[in-house]
Amino acid sequence: MVSNRLPFTAERRPPPEGVRFRRSPGGLVAALEPALAQRGGVWVGWTGAAREDGDAVAGAPPPPAEHVQYRAVPLTAHEIALYYAGFANRTIWPLFHYFVGQTQIDSATWRAYERVNERFAQVAAEASDDEALVWVHDYQLLRVPHHLRRLAPRRRIAFFLHIPFPAADVLRVLPWSRDLIQGMLAADLVGVHIPSYADHVLTCAERLLGCEVDRAAGLVRFEGREVSVEAHPISIDVAEVERLAERVTPGAVDAAAAPDAPVAEILGVDRLDYTKGIHERLLAVERLLERHPGLRRRITFTQVMVPSRERVAEYGELKREIDETVGRINGRFSERGWSPIRYLVRSLPPAELVALYRQADVALVTPLRDGMNLVAKEYVAAQLDDDGVLILSEMAGAADELQEALLVNPFDVDEVADALHRALQMPRDERRARMSALRHRVRANDVRAWVDRFLDASERAGLRARSTVASPADALQRMLAPWLARRATVALFLDYDGTLTPIAARPEDAQLSDAARQTLDQAARTPNLDIVIVSGRALADVQQRVGVPGLTYVGNHGFEIEGPGISFRHPELERWRAALEAAASELEALAASGATIERKGASVAVHVRTVPEGERRRLERQAEAVLRRRRLRVTPGKGLVEGRPPVPWDKGHAVLHVLVHRHGADWPSRVSAVYIGDDRTDEDAFRSLEGIGRSIRVGPSPGGASYADYRLPDPEAVLVLLRWFASGAFAGAKS
Ligand code: ADQ
């Protein structure tokens, strides 16, 4: 189990008590822990205290229950501020609840989120093996499946999101929206509360990542795996709520509290949060009393509110705003011996909370947006005599299941006031009909049943993902086919080193395999397929290494191009030849330390792959200094440093030059341009083709960032894709 918080909170008490651990309340912990104990497992999470608060807090969660261990992920106060209070609660939380204007976009908090998620994944990887199922929870850890998959490719991973998953147009507000979806899709199963959230995940995978999606089956094909996306509505510990409710006599609490008990009790229970619509709800109560003066003295609205996320500033402001509104409404309507609003700001023990539920005639559950909302289900479960009215926001996930409630738009104060009025007038028969239907539904989906179902689904998804690992090239082929089918011609640009051949320690050793050469030879003869080989090598070198006639060759990062109907040398080249020659001669001195100097005519490269690790950086710096002194443009590559003429010309310019020269300026309407490359210099081409072509990065990119639309793992996968192009099958997709 991996969640932001361990099921305990560390609290620092004055000596001699020191650090104490308090068990987190709530049905979820109560349901997850037995499931974990039954199978034996580890719970990975944060203790709730900063690492600086003493290592005892960070490293020593309470002694494990039988078969259950706790592993703390230590976080510093700075990390908590950026990852938790920052990205999780100022960016993801508001955005996923459709509070777009309140969403903070800050790359520093994003970086911290990424780092902390990686740390959670490391701890989870160490705590599990390939037989284990790793269940990752919630919005604080959206990137954990991605990092875990990298660290442990064969791990079974399930992810559950407890908050809403927003529509694609909302999610894309986030500069890191793709990273977040990719993060989740590294799991075998992505669980959300209701089908509309699952739909949003599928749409985002399709539209933002270009994944192939099977809506009917709830599947996303992502990086060669089939990921299931399913709705699993969470529930509560029904038996426990019922047990506590048995002990309460309805009405007894109020009768004891005040002899002239109000006629009707209305109840709201929430974590203090702007998504819960507490302020709007208070305005609805005010509207009710305004419109129906006869209800004054006859109703009481009790709002119980537990403070949360006190590290996040917005929550303090919200508290002040609610305090003021409660005071204003009470000031406006209170009479001797009666105030309309009773306001409790604290966490109540479960027994007291359930007593309030049991005793309330109407529950007002009106979040502006809520993943599920457990309060609605708890209220229903506590109505042992099938009486009581639930007013429920349509914006809560719970509304999907709890259709017999009075459903309202929480933004519409008039509508909520009307629903309140209707609830207070509702005939007993109608109340009982609605509540018994609701109770039936809640009892049928207890939280233990939810855990079992989710674990079953995870097993199934894990098995399917293992048995259907398609080759990445096959998956990519399926994604590209519909796009290629829209135009008559395909222009396929292929980098050489690292794309057509594996990277070799010495550049002269990177030989094209016979299989690749045969495939290129076939591709050269495929109708409507235009193959262009692009390289940082000298033109003559790459021509000789590939040796397939009829193709177009781009050498020296685009400074030289040769092919059917095209022969190009960059006009600035002549001016810089002398500087390049002089630099190359000077660089020969580095050969003594083991570097290889490659003179490529239009550029010069210093290869350091063969140099011992510790020496590389020093040699690279020396090479850079020489090149800079000659006013050449320095570009780092994979194990090399290169100098080129300092003119704005790169692989991206060259690709567009070839396309325009061969197909005219309006080529995008007739030609599907696809570029495959593995290197930083290929990113220039990916960027040039953004939106007008498609690009594929081979292997990982440092830092994960790339302009490429798709990925392939290695040159072998490139060859599989190349065979498909050479076979002409892409043209078949047109019909
Ligand atoms: P929350 O946003 O915390 O959960 P909710 O589902 O309503 O929202 O759960 C709140 C829990 O806290 C309930 O169990 C309730 O009893 C308890 N609680 C609230 N006020 C309390 C008080 N004053 N004293 C004691 N207990 C109190 C997130 C998502 C939800 C989703 C859940 C579970 O935001 O949409 O339903 O996770 O997936």
# chains A, B, ... in the order shown; residues from 1 in each chain; ligands from 1
$ residues_around --residues "Thr501 (chain A)" --least-positions-apart "3" --cutoff "6 Å" --atoms "only C-alpha atoms" --output "ChimeraX atom specification"
/A:497-498,512,715
$ residues_near_ligand --ligand "ligand 1" --cutoff "8 Å" --atoms "only C-alpha atoms and all ligand atoms" --output "PyMOL selection string"
chain A and resi 25-28+161-164+193+234-236+269-273+276+304-307+344-350+353+370-376+378+396-398
$ select_by_dssp --residues "region 581-673 of chain A" --states "strand (DSSP E or B)" --output "ChimeraX atom specification"
/A:596-599,604-607,633-637,640-644,671-673
$ write_last_selection --atoms "N, CA and C atoms" --output "PDB file, in the first residue's frame"
ATOM      1  N   THR A 596      38.780  10.753 -29.304  1.00  0.00           N
ATOM      2  CA  THR A 596      38.902  10.587 -30.754  1.00  0.00           C
ATOM      3  C   THR A 596      38.399  11.857 -31.418  1.00  0.00           C
ATOM      4  N   ILE A 597      39.196  12.385 -32.354  1.00  0.00           N
ATOM      5  CA  ILE A 597      38.790  13.612 -33.049  1.00  0.00           C
ATOM      6  C   ILE A 597      38.243  13.209 -34.417  1.00  0.00           C
ATOM      7  N   GLU A 598      37.044  13.663 -34.715  1.00  0.00           N
ATOM      8  CA  GLU A 598      36.432  13.316 -35.999  1.00  0.00           C
ATOM      9  C   GLU A 598      36.288  14.591 -36.819  1.00  0.00           C
ATOM     10  N   ARG A 599      36.992  14.634 -37.951  1.00  0.00           N
ATOM     11  CA  ARG A 599      36.890  15.807 -38.831  1.00  0.00           C
ATOM     12  C   ARG A 599      35.805  15.499 -39.849  1.00  0.00           C
ATOM     13  N   VAL A 604      33.181  19.459 -36.446  1.00  0.00           N
ATOM     14  CA  VAL A 604      34.242  18.651 -35.860  1.00  0.00           C
ATOM     15  C   VAL A 604      33.723  18.097 -34.532  1.00  0.00           C
ATOM     16  N   ALA A 605      34.010  16.797 -34.294  1.00  0.00           N
ATOM     17  CA  ALA A 605      33.504  16.179 -33.064  1.00  0.00           C
ATOM     18  C   ALA A 605      34.644  15.592 -32.245  1.00  0.00           C
ATOM     19  N   VAL A 606      34.541  15.726 -30.921  1.00  0.00           N
ATOM     20  CA  VAL A 606      35.496  15.093 -30.015  1.00  0.00           C
ATOM     21  C   VAL A 606      34.732  14.017 -29.253  1.00  0.00           C
ATOM     22  N   HIS A 607      35.089  12.758 -29.500  1.00  0.00           N
ATOM     23  CA  HIS A 607      34.386  11.649 -28.831  1.00  0.00           C
ATOM     24  C   HIS A 607      35.125  11.270 -27.558  1.00  0.00           C
ATOM     25  N   ARG A 633      29.903  27.003 -32.826  1.00  0.00           N
ATOM     26  CA  ARG A 633      28.779  26.688 -31.943  1.00  0.00           C
ATOM     27  C   ARG A 633      29.034  25.318 -31.299  1.00  0.00           C
ATOM     28  N   VAL A 634      28.970  25.276 -29.995  1.00  0.00           N
ATOM     29  CA  VAL A 634      29.265  24.034 -29.277  1.00  0.00           C
ATOM     30  C   VAL A 634      27.961  23.312 -28.956  1.00  0.00           C
ATOM     31  N   THR A 635      27.877  22.030 -29.335  1.00  0.00           N
ATOM     32  CA  THR A 635      26.689  21.245 -28.948  1.00  0.00           C
ATOM     33  C   THR A 635      27.128  19.944 -28.314  1.00  0.00           C
ATOM     34  N   PRO A 636      26.603  19.648 -27.128  1.00  0.00           N
ATOM     35  CA  PRO A 636      26.932  18.374 -26.491  1.00  0.00           C
ATOM     36  C   PRO A 636      26.078  17.268 -27.093  1.00  0.00           C
ATOM     37  N   GLY A 637      26.626  16.074 -27.194  1.00  0.00           N
ATOM     38  CA  GLY A 637      25.852  14.929 -27.692  1.00  0.00           C
ATOM     39  C   GLY A 637      26.026  13.764 -26.741  1.00  0.00           C
ATOM     40  N   LEU A 640      29.975  12.937 -26.573  1.00  0.00           N
ATOM     41  CA  LEU A 640      30.811  13.735 -27.475  1.00  0.00           C
ATOM     42  C   LEU A 640      30.494  15.222 -27.351  1.00  0.00           C
ATOM     43  N   VAL A 641      31.450  15.999 -27.850  1.00  0.00           N
ATOM     44  CA  VAL A 641      31.232  17.451 -27.938  1.00  0.00           C
ATOM     45  C   VAL A 641      31.467  17.827 -29.388  1.00  0.00           C
ATOM     46  N   GLU A 642      30.589  18.671 -29.924  1.00  0.00           N
ATOM     47  CA  GLU A 642      30.739  19.020 -31.334  1.00  0.00           C
ATOM     48  C   GLU A 642      30.841  20.512 -31.538  1.00  0.00           C
ATOM     49  N   GLY A 643      31.575  20.885 -32.600  1.00  0.00           N
ATOM     50  CA  GLY A 643      31.614  22.285 -33.010  1.00  0.00           C
ATOM     51  C   GLY A 643      31.065  22.396 -34.410  1.00  0.00           C
ATOM     52  N   ARG A 644      30.155  23.375 -34.590  1.00  0.00           N
ATOM     53  CA  ARG A 644      29.575  23.593 -35.918  1.00  0.00           C
ATOM     54  C   ARG A 644      29.639  25.080 -36.211  1.00  0.00           C
ATOM     55  N   VAL A 671       1.692  15.275 -47.426  1.00  0.00           N
ATOM     56  CA  VAL A 671       2.753  14.391 -46.942  1.00  0.00           C
ATOM     57  C   VAL A 671       2.663  14.219 -45.432  1.00  0.00           C
ATOM     58  N   SER A 672       2.702  12.974 -44.997  1.00  0.00           N
ATOM     59  CA  SER A 672       2.817  12.692 -43.558  1.00  0.00           C
ATOM     60  C   SER A 672       4.294  12.570 -43.220  1.00  0.00           C
ATOM     61  N   ALA A 673       4.832  13.547 -42.492  1.00  0.00           N
ATOM     62  CA  ALA A 673       6.255  13.516 -42.147  1.00  0.00           C
ATOM     63  C   ALA A 673       6.449  12.879 -40.775  1.00  0.00           C
TER      64      ALA A 673
END
$ residues_around --residues "Val674 (chain A)" --least-positions-apart "2" --cutoff "10 Å" --atoms "only C-alpha atoms" --output "PyMOL selection string"
chain A and resi 480+484+490-494+531+671-672+676+686+689+692-696
$ closest_atom_pairs --of "region 125-184 of chain A" --to "region 1-15 of chain A" --cutoff "6 Å" --atoms "only C-alpha atoms" --output "JSON lines"
{"residue": "A:Val134", "atom": "CA", "partner": "A:Met1", "partner_atom": "CA", "distance": 6.0}
{"residue": "A:Trp135", "atom": "CA", "partner": "A:Met1", "partner_atom": "CA", "distance": 4.9}
{"residue": "A:Val136", "atom": "CA", "partner": "A:Val2", "partner_atom": "CA", "distance": 4.6}
{"residue": "A:His137", "atom": "CA", "partner": "A:Ser3", "partner_atom": "CA", "distance": 5.0}
$ write_last_selection --atoms "N, CA, C and O atoms" --output "mmCIF file, in the first residue's frame"
data_model
loop_
_atom_site.group_PDB
_atom_site.id
_atom_site.type_symbol
_atom_site.label_atom_id
_atom_site.label_comp_id
_atom_site.auth_asym_id
_atom_site.auth_seq_id
_atom_site.Cartn_x
_atom_site.Cartn_y
_atom_site.Cartn_z
ATOM 1 N N VAL A 134 1.342 -3.706 -5.868
ATOM 2 C CA VAL A 134 1.557 -2.409 -5.228
ATOM 3 C C VAL A 134 0.346 -1.534 -5.528
ATOM 4 O O VAL A 134 0.037 -1.265 -6.692
ATOM 5 N N TRP A 135 -0.341 -1.144 -4.474
ATOM 6 C CA TRP A 135 -1.553 -0.333 -4.638
ATOM 7 C C TRP A 135 -1.215 1.101 -4.228
ATOM 8 O O TRP A 135 -0.940 1.366 -3.059
ATOM 9 N N VAL A 136 -1.251 1.994 -5.199
ATOM 10 C CA VAL A 136 -0.880 3.391 -4.969
ATOM 11 C C VAL A 136 -2.147 4.235 -4.876
ATOM 12 O O VAL A 136 -3.054 4.076 -5.699
ATOM 13 N N HIS A 137 -2.199 5.115 -3.880
ATOM 14 C CA HIS A 137 -3.394 5.920 -3.656
ATOM 15 C C HIS A 137 -3.199 7.409 -3.959
ATOM 16 O O HIS A 137 -2.255 8.025 -3.472
#
$ atom_distance --atom1 "CA of Trp576 (chain A)" --atom2 "CA of Phe559 (chain A)"
11.7 Å
$ decode --residues "region 311-346 of chain A" --atoms "N, CA and C atoms" --output "PDB file, in the first residue's frame"
ATOM      1  N   ARG A 311      -1.550  23.968   6.623  1.00  0.00           N
ATOM      2  CA  ARG A 311      -0.327  24.498   5.995  1.00  0.00           C
ATOM      3  C   ARG A 311      -0.645  25.326   4.750  1.00  0.00           C
ATOM      4  N   VAL A 312      -1.853  25.184   4.212  1.00  0.00           N
ATOM      5  CA  VAL A 312      -2.191  25.878   2.967  1.00  0.00           C
ATOM      6  C   VAL A 312      -2.984  27.139   3.313  1.00  0.00           C
ATOM      7  N   ALA A 313      -2.455  28.299   2.868  1.00  0.00           N
ATOM      8  CA  ALA A 313      -2.990  29.591   3.311  1.00  0.00           C
ATOM      9  C   ALA A 313      -4.474  29.781   2.993  1.00  0.00           C
ATOM     10  N   GLU A 314      -4.910  29.309   1.801  1.00  0.00           N
ATOM     11  CA  GLU A 314      -6.301  29.540   1.378  1.00  0.00           C
ATOM     12  C   GLU A 314      -7.301  29.009   2.402  1.00  0.00           C
ATOM     13  N   TYR A 315      -6.883  27.961   3.134  1.00  0.00           N
ATOM     14  CA  TYR A 315      -7.823  27.340   4.045  1.00  0.00           C
ATOM     15  C   TYR A 315      -8.101  28.237   5.243  1.00  0.00           C
ATOM     16  N   GLY A 316      -7.105  29.053   5.657  1.00  0.00           N
ATOM     17  CA  GLY A 316      -7.300  29.998   6.749  1.00  0.00           C
ATOM     18  C   GLY A 316      -8.289  31.078   6.349  1.00  0.00           C
ATOM     19  N   GLU A 317      -8.136  31.575   5.111  1.00  0.00           N
ATOM     20  CA  GLU A 317      -9.046  32.621   4.617  1.00  0.00           C
ATOM     21  C   GLU A 317     -10.481  32.099   4.551  1.00  0.00           C
ATOM     22  N   LEU A 318     -10.606  30.867   4.080  1.00  0.00           N
ATOM     23  CA  LEU A 318     -11.935  30.270   3.957  1.00  0.00           C
ATOM     24  C   LEU A 318     -12.598  30.167   5.327  1.00  0.00           C
ATOM     25  N   LYS A 319     -11.817  29.774   6.320  1.00  0.00           N
ATOM     26  CA  LYS A 319     -12.337  29.633   7.682  1.00  0.00           C
ATOM     27  C   LYS A 319     -12.891  30.983   8.152  1.00  0.00           C
ATOM     28  N   ARG A 320     -12.130  32.063   7.913  1.00  0.00           N
ATOM     29  CA  ARG A 320     -12.589  33.400   8.327  1.00  0.00           C
ATOM     30  C   ARG A 320     -13.898  33.760   7.638  1.00  0.00           C
ATOM     31  N   GLU A 321     -13.972  33.445   6.357  1.00  0.00           N
ATOM     32  CA  GLU A 321     -15.155  33.794   5.576  1.00  0.00           C
ATOM     33  C   GLU A 321     -16.394  33.062   6.125  1.00  0.00           C
ATOM     34  N   ILE A 322     -16.210  31.768   6.434  1.00  0.00           N
ATOM     35  CA  ILE A 322     -17.336  30.977   6.961  1.00  0.00           C
ATOM     36  C   ILE A 322     -17.735  31.479   8.347  1.00  0.00           C
ATOM     37  N   ASP A 323     -16.724  31.749   9.192  1.00  0.00           N
ATOM     38  CA  ASP A 323     -17.013  32.303  10.534  1.00  0.00           C
ATOM     39  C   ASP A 323     -17.894  33.548  10.414  1.00  0.00           C
ATOM     40  N   GLU A 324     -17.527  34.429   9.496  1.00  0.00           N
ATOM     41  CA  GLU A 324     -18.247  35.696   9.350  1.00  0.00           C
ATOM     42  C   GLU A 324     -19.687  35.467   8.917  1.00  0.00           C
ATOM     43  N   THR A 325     -19.846  34.555   7.958  1.00  0.00           N
ATOM     44  CA  THR A 325     -21.196  34.308   7.442  1.00  0.00           C
ATOM     45  C   THR A 325     -22.082  33.680   8.518  1.00  0.00           C
ATOM     46  N   VAL A 326     -21.522  32.739   9.284  1.00  0.00           N
ATOM     47  CA  VAL A 326     -22.298  32.142  10.382  1.00  0.00           C
ATOM     48  C   VAL A 326     -22.726  33.243  11.350  1.00  0.00           C
ATOM     49  N   GLY A 327     -21.782  34.103  11.709  1.00  0.00           N
ATOM     50  CA  GLY A 327     -22.081  35.187  12.652  1.00  0.00           C
ATOM     51  C   GLY A 327     -23.152  36.128  12.105  1.00  0.00           C
ATOM     52  N   ARG A 328     -23.022  36.440  10.820  1.00  0.00           N
ATOM     53  CA  ARG A 328     -23.980  37.375  10.211  1.00  0.00           C
ATOM     54  C   ARG A 328     -25.396  36.795  10.208  1.00  0.00           C
ATOM     55  N   ILE A 329     -25.511  35.522   9.797  1.00  0.00           N
ATOM     56  CA  ILE A 329     -26.850  34.912   9.699  1.00  0.00           C
ATOM     57  C   ILE A 329     -27.448  34.732  11.096  1.00  0.00           C
ATOM     58  N   ASN A 330     -26.615  34.279  12.030  1.00  0.00           N
ATOM     59  CA  ASN A 330     -27.123  34.143  13.399  1.00  0.00           C
ATOM     60  C   ASN A 330     -27.536  35.502  13.951  1.00  0.00           C
ATOM     61  N   GLY A 331     -26.735  36.527  13.681  1.00  0.00           N
ATOM     62  CA  GLY A 331     -27.073  37.877  14.157  1.00  0.00           C
ATOM     63  C   GLY A 331     -28.387  38.351  13.564  1.00  0.00           C
ATOM     64  N   ARG A 332     -28.624  37.944  12.318  1.00  0.00           N
ATOM     65  CA  ARG A 332     -29.814  38.433  11.625  1.00  0.00           C
ATOM     66  C   ARG A 332     -31.095  37.758  12.124  1.00  0.00           C
ATOM     67  N   PHE A 333     -31.016  36.436  12.418  1.00  0.00           N
ATOM     68  CA  PHE A 333     -32.264  35.718  12.700  1.00  0.00           C
ATOM     69  C   PHE A 333     -32.460  35.270  14.154  1.00  0.00           C
ATOM     70  N   SER A 334     -31.356  35.258  14.935  1.00  0.00           N
ATOM     71  CA  SER A 334     -31.480  34.681  16.287  1.00  0.00           C
ATOM     72  C   SER A 334     -32.550  35.382  17.116  1.00  0.00           C
ATOM     73  N   GLU A 335     -33.216  34.585  17.928  1.00  0.00           N
ATOM     74  CA  GLU A 335     -34.174  35.136  18.884  1.00  0.00           C
ATOM     75  C   GLU A 335     -33.816  34.557  20.236  1.00  0.00           C
ATOM     76  N   ARG A 336     -34.499  35.043  21.281  1.00  0.00           N
ATOM     77  CA  ARG A 336     -34.157  34.540  22.611  1.00  0.00           C
ATOM     78  C   ARG A 336     -34.354  33.026  22.666  1.00  0.00           C
ATOM     79  N   GLY A 337     -33.311  32.316  23.035  1.00  0.00           N
ATOM     80  CA  GLY A 337     -33.421  30.861  23.163  1.00  0.00           C
ATOM     81  C   GLY A 337     -33.283  30.096  21.847  1.00  0.00           C
ATOM     82  N   TRP A 338     -33.043  30.797  20.743  1.00  0.00           N
ATOM     83  CA  TRP A 338     -32.900  30.072  19.459  1.00  0.00           C
ATOM     84  C   TRP A 338     -31.932  30.787  18.512  1.00  0.00           C
ATOM     85  N   SER A 339     -30.987  30.046  17.990  1.00  0.00           N
ATOM     86  CA  SER A 339     -30.139  30.541  16.901  1.00  0.00           C
ATOM     87  C   SER A 339     -30.270  29.557  15.757  1.00  0.00           C
ATOM     88  N   PRO A 340     -30.334  30.041  14.532  1.00  0.00           N
ATOM     89  CA  PRO A 340     -30.536  29.103  13.426  1.00  0.00           C
ATOM     90  C   PRO A 340     -29.330  28.192  13.183  1.00  0.00           C
ATOM     91  N   ILE A 341     -28.121  28.686  13.448  1.00  0.00           N
ATOM     92  CA  ILE A 341     -26.947  27.881  13.081  1.00  0.00           C
ATOM     93  C   ILE A 341     -26.134  27.501  14.301  1.00  0.00           C
ATOM     94  N   ARG A 342     -25.894  26.209  14.443  1.00  0.00           N
ATOM     95  CA  ARG A 342     -25.001  25.714  15.469  1.00  0.00           C
ATOM     96  C   ARG A 342     -23.733  25.285  14.733  1.00  0.00           C
ATOM     97  N   TYR A 343     -22.604  25.718  15.253  1.00  0.00           N
ATOM     98  CA  TYR A 343     -21.387  25.639  14.457  1.00  0.00           C
ATOM     99  C   TYR A 343     -20.284  25.000  15.291  1.00  0.00           C
ATOM    100  N   LEU A 344     -19.876  23.793  14.948  1.00  0.00           N
ATOM    101  CA  LEU A 344     -18.846  23.085  15.715  1.00  0.00           C
ATOM    102  C   LEU A 344     -17.596  22.935  14.852  1.00  0.00           C
ATOM    103  N   VAL A 345     -16.490  23.538  15.296  1.00  0.00           N
ATOM    104  CA  VAL A 345     -15.263  23.437  14.520  1.00  0.00           C
ATOM    105  C   VAL A 345     -14.312  22.500  15.235  1.00  0.00           C
ATOM    106  N   ARG A 346     -14.440  21.225  14.990  1.00  0.00           N
ATOM    107  CA  ARG A 346     -13.512  20.248  15.554  1.00  0.00           C
ATOM    108  C   ARG A 346     -13.820  18.875  14.970  1.00  0.00           C
TER     109      ARG A 346
END
